[in-house]
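Next comes model_4.pdb, a file with PDB, C-alpha atoms.
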ATOM      1  CA  MET A   1       1.624   0.840   1.648
ATOM      2  CA  TYR A   2      -1.640  -1.074   1.442
ATOM      3  CA  LEU A   3      -5.124  -0.408   0.128
ATOM      4  CA  GLY A   4      -7.968  -0.409   2.615
ATOM      5  CA  ARG A   5     -11.454   0.764   3.386
ATOM      6  CA  VAL A   6     -12.491   2.599   6.536
ATOM      7  CA  VAL A   7     -15.164   0.425   8.132
ATOM      8  CA  GLY A   8     -15.418   1.834  11.637
ATOM      9  CA  ARG A   9     -13.999   3.863  14.420
ATOM     10  CA  VAL A  10     -12.508   3.058  17.817
ATOM     11  CA  TRP A  11     -13.253   5.187  20.848
ATOM     12  CA  SER A  12     -10.768   5.081  23.674
ATOM     13  CA  THR A  13     -10.750   7.326  26.717
ATOM     14  CA  VAL A  14      -7.740   5.934  28.485
ATOM     15  CA  LYS A  15      -4.879   5.875  26.028
ATOM     16  CA  HIS A  16      -1.284   6.968  25.604
ATOM     17  CA  ALA A  17      -0.967  10.744  25.920
ATOM     18  CA  SER A  18       0.454  11.009  22.393
ATOM     19  CA  LEU A  19      -2.845   9.675  21.023
ATOM     20  CA  GLU A  20      -4.899  12.405  22.721
ATOM     21  CA  GLY A  21      -7.225  13.941  20.131
ATOM     22  CA  ARG A  22      -6.218  11.434  17.439
ATOM     23  CA  ARG A  23      -8.879   9.563  15.510
ATOM     24  CA  LEU A  24      -8.519   5.790  15.531
ATOM     25  CA  LEU A  25     -10.137   4.154  12.517
ATOM     26  CA  VAL A  26     -10.884   0.513  11.788
ATOM     27  CA  VAL A  27      -9.508  -0.368   8.365
ATOM     28  CA  GLN A  28     -10.306  -3.469   6.321
ATOM     29  CA  PRO A  29      -7.518  -4.195   3.811
ATOM     30  CA  VAL A  30      -8.872  -4.637   0.272
ATOM     31  CA  THR A  31      -7.534  -5.842  -3.076
ATOM     32  CA  PRO A  32      -7.369  -3.560  -6.147
ATOM     33  CA  GLU A  33     -10.666  -5.256  -7.113
ATOM     34  CA  LEU A  34     -12.045  -3.900  -3.790
ATOM     35  CA  ARG A  35     -12.537  -7.309  -2.211
ATOM     36  CA  PRO A  36     -11.760  -7.510   1.507
ATOM     37  CA  THR A  37      -8.541  -9.391   2.178
ATOM     38  CA  GLY A  38      -6.904 -10.327   5.447
ATOM     39  CA  LYS A  39      -7.880  -9.041   8.852
ATOM     40  CA  ALA A  40      -9.002  -5.577   9.906
ATOM     41  CA  ILE A  41      -6.583  -3.269  11.705
ATOM     42  CA  VAL A  42      -6.836  -0.081  13.768
ATOM     43  CA  ALA A  43      -4.981   2.890  12.307
ATOM     44  CA  THR A  44      -4.308   6.494  13.180
ATOM     45  CA  ASP A  45      -5.255   8.996  10.507
ATOM     46  CA  ALA A  46      -3.088  11.687   8.890
ATOM     47  CA  THR A  47      -5.590  12.662   6.190
ATOM     48  CA  GLY A  48      -9.076  13.218   7.612
ATOM     49  CA  ALA A  49     -10.512  10.021   6.114
ATOM     50  CA  GLY A  50     -14.126   9.179   6.885
ATOM     51  CA  ALA A  51     -16.403   6.146   7.079
ATOM     52  CA  GLY A  52     -16.510   4.007   3.956
ATOM     53  CA  GLU A  53     -13.654   5.777   2.212
ATOM     54  CA  LEU A  54     -11.045   3.933   0.177
ATOM     55  CA  ILE A  55      -7.621   4.809   1.562
ATOM     56  CA  TYR A  56      -4.045   3.653   1.572
ATOM     57  CA  TRP A  57      -2.142   3.089   4.775
ATOM     58  CA  CYS A  58       1.379   2.553   5.868
ATOM     59  CA  ARG A  59       2.690   0.186   8.508
ATOM     60  CA  GLY A  60       5.524   0.180  11.012
ATOM     61  CA  LYS A  61       7.693   2.939  12.400
ATOM     62  CA  GLU A  62       7.175   4.989   9.258
ATOM     63  CA  SER A  63       3.515   5.470  10.151
ATOM     64  CA  SER A  64       4.475   7.586  13.158
ATOM     65  CA  PHE A  65       6.563   9.857  10.892
ATOM     66  CA  ALA A  66       3.303  11.214   9.480
ATOM     67  CA  PHE A  67       2.876  13.316  12.614
ATOM     68  CA  LEU A  68       6.400  14.692  13.050
ATOM     69  CA  PRO A  69       7.581  16.648  14.988
ATOM     70  CA  GLU A  70       5.021  15.053  17.307
ATOM     71  CA  GLU A  71       6.006  11.525  18.258
ATOM     72  CA  ILE A  72       2.914   9.354  18.138
ATOM     73  CA  THR A  73       2.725   5.758  19.319
ATOM     74  CA  THR A  74       1.279   4.056  16.283
ATOM     75  CA  ASP A  75       2.082   1.231  13.923
ATOM     76  CA  PHE A  76      -0.574   1.756  11.252
ATOM     77  CA  CYS A  77      -1.421   5.123   9.768
ATOM     78  CA  ILE A  78      -3.732   6.236   6.973
ATOM     79  CA  VAL A  79      -1.628   8.428   4.666
ATOM     80  CA  GLY A  80      -3.838   8.954   1.611
ATOM     81  CA  ILE A  81      -7.461   8.989   0.475
ATOM     82  CA  VAL A  82      -7.896   7.228  -2.865
ATOM     83  CA  ASP A  83      -9.891   9.166  -5.482
ATOM     84  CA  GLU A  84      -9.353   6.746  -8.311
ATOM     85  CA  LEU A  85      -7.691   3.398  -8.978
ATOM     86  CA  ARG A  86      -6.456   2.728 -12.485
ATOM     87  CA  VAL A  87      -5.973  -1.030 -12.495
ATOM     88  CA  ARG A  88      -4.805  -2.940 -15.509
ATOM     89  CA  ARG A  89      -4.494  -6.670 -15.091
ATOM     90  CA  THR A  90      -6.207  -9.717 -16.418
ATOM     91  CA  GLU A  91      -8.248 -10.627 -13.326
ATOM     92  CA  PRO A  92     -11.962  -9.846 -13.600
ATOM     93  CA  LEU A  93     -12.913  -6.502 -12.076
ATOM     94  CA  GLU A  94     -16.348  -7.341 -10.723
ATOM     95  CA  PRO A  95     -17.146  -5.508  -7.480
ATOM     96  CA  GLY A  96     -16.373  -7.491  -4.348
ATOM     97  CA  PRO A  97     -18.754  -8.128  -1.485
ATOM     98  CA  ALA A  98     -19.273  -5.302   0.969
ATOM     99  CA  ALA A  99     -16.914  -5.313   3.921
ATOM    100  CA  PRO A 100     -18.482  -6.926   6.994
ATOM    101  CA  PRO A 101     -19.738  -4.384   9.522
ATOM    102  CA  ALA A 102     -17.489  -3.796  12.510
ATOM    103  CA  THR A 103     -18.786  -5.919  15.364
ATOM    104  CA  ARG A 104     -19.586  -4.246  18.600
ATOM    105  CA  GLY A 105     -19.063  -5.879  21.979
ATOM    106  CA  ASP A 106     -21.901  -5.411  24.472
TER     107      ASP A 106
ATOM    108  CA  MET B   1      13.410  -6.669  -2.423
ATOM    109  CA  LEU B   2      10.535  -8.306  -4.245
ATOM    110  CA  ILE B   3       9.976  -9.004  -7.926
ATOM    111  CA  SER B   4       6.697  -7.280  -8.751
ATOM    112  CA  ARG B   5       4.514  -6.214 -11.637
ATOM    113  CA  VAL B   6       3.071  -2.702 -11.820
ATOM    114  CA  ILE B   7      -0.663  -3.269 -12.279
ATOM    115  CA  GLY B   8      -2.021   0.222 -11.860
ATOM    116  CA  GLU B   9      -1.855   3.725 -10.458
ATOM    117  CA  VAL B  10      -3.449   5.289  -7.404
ATOM    118  CA  VAL B  11      -4.897   8.775  -7.718
ATOM    119  CA  ALA B  12      -5.150  10.547  -4.366
ATOM    120  CA  THR B  13      -5.714  14.247  -3.838
ATOM    121  CA  GLU B  14      -5.871  14.133  -0.075
ATOM    122  CA  LYS B  15      -2.642  12.580   1.108
ATOM    123  CA  HIS B  16       0.248  13.192   3.433
ATOM    124  CA  SER B  17       2.258  16.227   2.319
ATOM    125  CA  SER B  18       5.398  14.121   1.893
ATOM    126  CA  HIS B  19       3.664  12.193  -0.905
ATOM    127  CA  GLU B  20       3.003  15.338  -2.967
ATOM    128  CA  GLY B  21       4.561  15.043  -6.404
ATOM    129  CA  CYS B  22       5.150  11.293  -6.052
ATOM    130  CA  LYS B  23       3.647   8.818  -8.453
ATOM    131  CA  ILE B  24       1.838   6.154  -6.423
ATOM    132  CA  LEU B  25       1.761   2.732  -8.046
ATOM    133  CA  LEU B  26      -0.208  -0.439  -7.460
ATOM    134  CA  VAL B  27       2.235  -3.334  -7.585
ATOM    135  CA  GLN B  28       1.642  -7.070  -7.444
ATOM    136  CA  PRO B  29       4.519  -9.080  -5.919
ATOM    137  CA  LEU B  30       5.256 -12.289  -7.860
ATOM    138  CA  ASN B  31       6.610 -15.733  -7.114
ATOM    139  CA  LEU B  32       9.420 -17.210  -9.183
ATOM    140  CA  ASP B  33       6.869 -19.041 -11.334
ATOM    141  CA  GLY B  34       5.201 -15.726 -12.158
ATOM    142  CA  SER B  35       2.141 -16.318  -9.972
ATOM    143  CA  ASN B  36       0.835 -13.727  -7.523
ATOM    144  CA  ARG B  37       2.612 -13.614  -4.165
ATOM    145  CA  GLY B  38      -0.037 -12.327  -1.795
ATOM    146  CA  ASP B  39      -2.050  -9.175  -2.310
ATOM    147  CA  ALA B  40      -1.185  -6.143  -4.373
ATOM    148  CA  LEU B  41       0.613  -3.304  -2.586
ATOM    149  CA  VAL B  42       0.838   0.467  -2.892
ATOM    150  CA  ALA B  43       4.307   1.957  -3.426
ATOM    151  CA  VAL B  44       5.881   5.264  -4.391
ATOM    152  CA  ASP B  45       7.761   5.324  -7.660
ATOM    153  CA  ALA B  46      11.462   6.237  -7.604
ATOM    154  CA  VAL B  47      12.387   5.215 -11.170
ATOM    155  CA  ASP B  48       9.485   6.367 -13.382
ATOM    156  CA  ALA B  49       8.139   2.844 -13.862
ATOM    157  CA  GLY B  50       4.950   2.369 -15.845
ATOM    158  CA  VAL B  51       1.939   0.079 -15.770
ATOM    159  CA  GLY B  52       2.914  -3.389 -16.999
ATOM    160  CA  ASP B  53       6.589  -3.086 -16.073
ATOM    161  CA  LEU B  54       8.334  -5.780 -14.051
ATOM    162  CA  VAL B  55      10.017  -3.961 -11.171
ATOM    163  CA  LEU B  56      12.023  -4.265  -7.977
ATOM    164  CA  LEU B  57      10.084  -3.299  -4.875
ATOM    165  CA  VAL B  58      11.624  -2.440  -1.506
ATOM    166  CA  THR B  59       9.357  -2.978   1.489
ATOM    167  CA  GLU B  60      11.462  -1.336   4.140
ATOM    168  CA  GLY B  61      10.855   2.203   5.266
ATOM    169  CA  PHE B  62      14.329   3.740   5.330
ATOM    170  CA  SER B  63      15.199   2.514   1.847
ATOM    171  CA  ALA B  64      11.815   3.508   0.496
ATOM    172  CA  MET B  65      11.812   7.059   1.823
ATOM    173  CA  THR B  66      15.425   7.804   0.913
ATOM    174  CA  SER B  67      14.861   6.488  -2.621
ATOM    175  CA  VAL B  68      12.470   9.373  -3.228
ATOM    176  CA  GLN B  69      14.503  11.887  -1.174
ATOM    177  CA  ARG B  70      11.841  12.178   1.486
ATOM    178  CA  PRO B  71      13.505  11.227   4.754
ATOM    179  CA  GLN B  72      11.377  10.917   7.884
ATOM    180  CA  SER B  73       8.152  10.511   5.961
ATOM    181  CA  PRO B  74       5.411   7.869   6.172
ATOM    182  CA  ILE B  75       6.577   5.834   3.164
ATOM    183  CA  ASP B  76       7.244   2.119   3.606
ATOM    184  CA  MET B  77       7.424   0.826   0.040
ATOM    185  CA  ALA B  78       9.023   2.063  -3.154
ATOM    186  CA  VAL B  79       9.637   0.871  -6.688
ATOM    187  CA  ILE B  80      13.400   1.231  -7.077
ATOM    188  CA  GLY B  81      14.181  -0.554 -10.338
ATOM    189  CA  VAL B  82      12.800  -1.796 -13.640
ATOM    190  CA  ILE B  83      13.829  -5.394 -14.296
ATOM    191  CA  ASP B  84      15.329  -6.166 -17.709
ATOM    192  CA  ALA B  85      16.064  -9.856 -17.227
ATOM    193  CA  ILE B  86      15.971 -12.590 -14.601
ATOM    194  CA  ASP B  87      18.262 -15.582 -14.890
ATOM    195  CA  LEU B  88      17.185 -18.577 -12.837
ATOM    196  CA  GLY B  89      18.777 -21.965 -12.358
ATOM    197  CA  PRO B  90      17.344 -24.835 -14.386
ATOM    198  CA  ASP B  91      15.303 -26.107 -11.435
ATOM    199  CA  TRP B  92      13.737 -22.712 -10.913
ATOM    200  CA  THR B  93      13.032 -21.535 -14.425
ATOM    201  CA  PRO B  94       9.288 -21.711 -15.179
ATOM    202  CA  PRO B  95       8.288 -23.147 -18.577
ATOM    203  CA  GLY B  96       9.016 -20.501 -21.172
ATOM    204  CA  GLY B  97      11.185 -18.486 -18.770
ATOM    205  CA  PHE B  98      10.160 -15.813 -16.318
ATOM    206  CA  PRO B  99       7.690 -13.425 -17.974
ATOM    207  CA  VAL B 100       9.869 -10.315 -17.900
ATOM    208  CA  GLU B 101       8.323  -8.466 -20.826
ATOM    209  CA  LYS B 102       5.990  -5.560 -20.252
ATOM    210  CA  VAL B 103       2.324  -6.528 -19.917
ATOM    211  CA  GLY B 104      -0.499  -4.504 -21.416
TER     212      GLY B 104
END

Step by step, read the file and then write its structure as structure tokens.
Amino acid sequence: MYLGRVVGRVWSTVKHASLEGRRLLVVQPVTPELRPTGKAIVATDATGAGAGELIYWCRGKESSFAFLPEEITTDFCIVGIVDELRVRRTEPLEPGPAAPPATRGD
Amino acid sequence: MLISRVIGEVVATEKHSSHEGCKILLVQPLNLDGSNRGDALVAVDAVDAGVGDLVLLVTEGFSAMTSVQRPQSPIDMAVIGVIDAIDLGPDWTPPGGFPVEKVG
């Protein structure tokens, strides 16, 4: 699984029937030091995560197992909301820059 | 499998029911010279590893979920071994040997 922060939400009217009523969240992967890393992804949500929350997400076929017995077409799924990170390594733990806001197409 | 170092723990109250009772670890995959290999990852713990341990990490779903007896669950990574020693060929051994000992 991977650490991430919820930075936005995707609205889609026309989508696969299995995604009906499912929230699609934009997730920015972050490091344990909470710095954004890599590119943002769109994930389904099995936890009720909200904007700005630190979460961990799972990728691949396993992410659709979160909704069994329903079979959902998804490849990224939020499976936990992080309350606390207990990190112990030698890198400095200064807070990272805020995640860039999700851009909106006009 | 990847050689990784456990660098922390994740505390999560709200999580998928299949993760209940699992220890969730923050692990940093390593290169053969001991440097970081990409970003840290989140994995369930199947062997009671602790922070600072050098471990084996599987990054494939079936192996990960069966290692913690939770088939058909959204788990794609697991810590499945604590590494005692790594023997590398002379061309691959970093100066001083691979840092296997527990950190912190």

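Across B:Ser4, B:Ser17, B:Ser63, B:Ser73, the tightest approach to Ser35 in chain B is made by B:Ser4 when counting all atoms listed in the file.
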
So which residues touch Glu20 in chain A within 12 Å, counting all atoms listed in the file, skipping near sequence neighbours fewer than 5 positions away, as an mmCIF file with C-alpha atoms, in the frame of the given file?
data_model
loop_
_atom_site.group_PDB
_atom_site.id
_atom_site.type_symbol
_atom_site.label_atom_id
_atom_site.label_comp_id
_atom_site.auth_asym_id
_atom_site.auth_seq_id
_atom_site.Cartn_x
_atom_site.Cartn_y
_atom_site.Cartn_z
ATOM 1 C CA TRP A 11 -13.253 5.187 20.848
ATOM 2 C CA SER A 12 -10.768 5.081 23.674
ATOM 3 C CA THR A 13 -10.750 7.326 26.717
ATOM 4 C CA VAL A 14 -7.740 5.934 28.485
ATOM 5 C CA LYS A 15 -4.879 5.875 26.028
ATOM 6 C CA THR A 44 -4.308 6.494 13.180
ATOM 7 C CA GLU A 70 5.021 15.053 17.307
ATOM 8 C CA GLU A 71 6.006 11.525 18.258
ATOM 9 C CA ILE A 72 2.914 9.354 18.138
ATOM 10 C CA THR A 73 2.725 5.758 19.319
#

Mind listing as a tab-separated table (two decimals) with C-alpha atoms, keeping the file's coordinate frame which residues of chain B are within 10 Å of chain A, counting only C-alpha atoms?
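Resulting contents of out-v4.tsv:
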chain	number	residue	atom	x	y	z
B	5	ARG	CA	4.51	-6.21	-11.64
B	6	VAL	CA	3.07	-2.70	-11.82
B	7	ILE	CA	-0.66	-3.27	-12.28
B	8	GLY	CA	-2.02	0.22	-11.86
B	9	GLU	CA	-1.86	3.72	-10.46
B	10	VAL	CA	-3.45	5.29	-7.40
B	11	VAL	CA	-4.90	8.78	-7.72
B	12	ALA	CA	-5.15	10.55	-4.37
B	13	THR	CA	-5.71	14.25	-3.84
B	14	GLU	CA	-5.87	14.13	-0.08
B	15	LYS	CA	-2.64	12.58	1.11
B	16	HIS	CA	0.25	13.19	3.43
B	17	SER	CA	2.26	16.23	2.32
B	18	SER	CA	5.40	14.12	1.89
B	19	HIS	CA	3.66	12.19	-0.90
B	24	ILE	CA	1.84	6.15	-6.42
B	25	LEU	CA	1.76	2.73	-8.05
B	26	LEU	CA	-0.21	-0.44	-7.46
B	27	VAL	CA	2.24	-3.33	-7.58
B	28	GLN	CA	1.64	-7.07	-7.44
B	38	GLY	CA	-0.04	-12.33	-1.80
B	39	ASP	CA	-2.05	-9.18	-2.31
B	40	ALA	CA	-1.18	-6.14	-4.37
B	41	LEU	CA	0.61	-3.30	-2.59
B	42	VAL	CA	0.84	0.47	-2.89
B	43	ALA	CA	4.31	1.96	-3.43
B	44	VAL	CA	5.88	5.26	-4.39
B	51	VAL	CA	1.94	0.08	-15.77
B	52	GLY	CA	2.91	-3.39	-17.00
B	59	THR	CA	9.36	-2.98	1.49
B	60	GLU	CA	11.46	-1.34	4.14
B	61	GLY	CA	10.86	2.20	5.27
B	62	PHE	CA	14.33	3.74	5.33
B	65	MET	CA	11.81	7.06	1.82
B	71	PRO	CA	13.50	11.23	4.75
B	72	GLN	CA	11.38	10.92	7.88
B	73	SER	CA	8.15	10.51	5.96
B	74	PRO	CA	5.41	7.87	6.17
B	75	ILE	CA	6.58	5.83	3.16
B	76	ASP	CA	7.24	2.12	3.61
B	77	MET	CA	7.42	0.83	0.04
B	78	ALA	CA	9.02	2.06	-3.15
B	103	VAL	CA	2.32	-6.53	-19.92
B	104	GLY	CA	-0.50	-4.50	-21.42

(message) Need the shell around Asp87 in chain B: protein/DNA/RNA residues with any atom at most 12 Å away, counting only C-alpha atoms. Skip same-chain ones fewer than 2 positions apart. Format as a PyMOL selection string?
(response) chain B and resi 32+83-85+89-94+97-100

(request) One decimal, Å: what's the distance from CA of Leu30 in chain B over to CA of Asp48 in chain B, could you say? (result)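 Separation of CA of Leu30 in chain B and CA of Asp48 in chain B: 19.9 Å.
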
Reconstruct N, CA and C atoms of range 20-37 of chain A from the incomplete input and present them as a compact mmCIF listing (two decimals), in the coordinates of the input.
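Output (selection_2.txt):
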# COMPACT_ATOMS: atom_id res chain seq x y z
N GLU A 20 -3.85 11.46 22.31
CA GLU A 20 -4.90 12.40 22.72
C GLU A 20 -5.38 13.19 21.50
N GLY A 21 -6.68 13.17 21.25
CA GLY A 21 -7.22 13.94 20.13
C GLY A 21 -7.02 13.31 18.76
N ARG A 22 -6.44 12.11 18.73
CA ARG A 22 -6.22 11.43 17.44
C ARG A 22 -7.38 10.51 17.15
N ARG A 23 -7.82 10.49 15.90
CA ARG A 23 -8.88 9.56 15.51
C ARG A 23 -8.28 8.18 15.26
N LEU A 24 -8.95 7.18 15.76
CA LEU A 24 -8.52 5.79 15.53
C LEU A 24 -9.58 5.12 14.65
N LEU A 25 -9.18 4.70 13.47
CA LEU A 25 -10.14 4.15 12.52
C LEU A 25 -9.89 2.67 12.30
N VAL A 26 -10.98 1.93 12.12
CA VAL A 26 -10.88 0.51 11.79
C VAL A 26 -10.79 0.40 10.27
N VAL A 27 -9.76 -0.26 9.80
CA VAL A 27 -9.51 -0.37 8.36
C VAL A 27 -9.51 -1.84 7.94
N GLN A 28 -10.31 -2.13 6.93
CA GLN A 28 -10.31 -3.47 6.32
C GLN A 28 -9.44 -3.43 5.07
N PRO A 29 -8.32 -4.16 5.04
CA PRO A 29 -7.52 -4.20 3.81
C PRO A 29 -8.34 -4.74 2.65
N VAL A 30 -8.15 -4.17 1.46
CA VAL A 30 -8.87 -4.64 0.27
C VAL A 30 -7.89 -4.85 -0.88
N THR A 31 -8.32 -5.63 -1.87
CA THR A 31 -7.53 -5.84 -3.08
C THR A 31 -7.83 -4.70 -4.04
N PRO A 32 -7.05 -4.57 -5.14
CA PRO A 32 -7.37 -3.56 -6.15
C PRO A 32 -8.76 -3.76 -6.74
N GLU A 33 -9.30 -4.99 -6.64
CA GLU A 33 -10.67 -5.26 -7.11
C GLU A 33 -11.69 -4.95 -6.02
N LEU A 34 -11.23 -4.37 -4.92
CA LEU A 34 -12.04 -3.90 -3.79
C LEU A 34 -12.66 -5.03 -2.98
N ARG A 35 -12.09 -6.21 -3.07
CA ARG A 35 -12.54 -7.31 -2.21
C ARG A 35 -11.77 -7.26 -0.90
N PRO A 36 -12.47 -7.47 0.23
CA PRO A 36 -11.76 -7.51 1.51
C PRO A 36 -10.73 -8.63 1.50
N THR A 37 -9.58 -8.37 2.10
CA THR A 37 -8.54 -9.39 2.18
C THR A 37 -7.84 -9.26 3.52
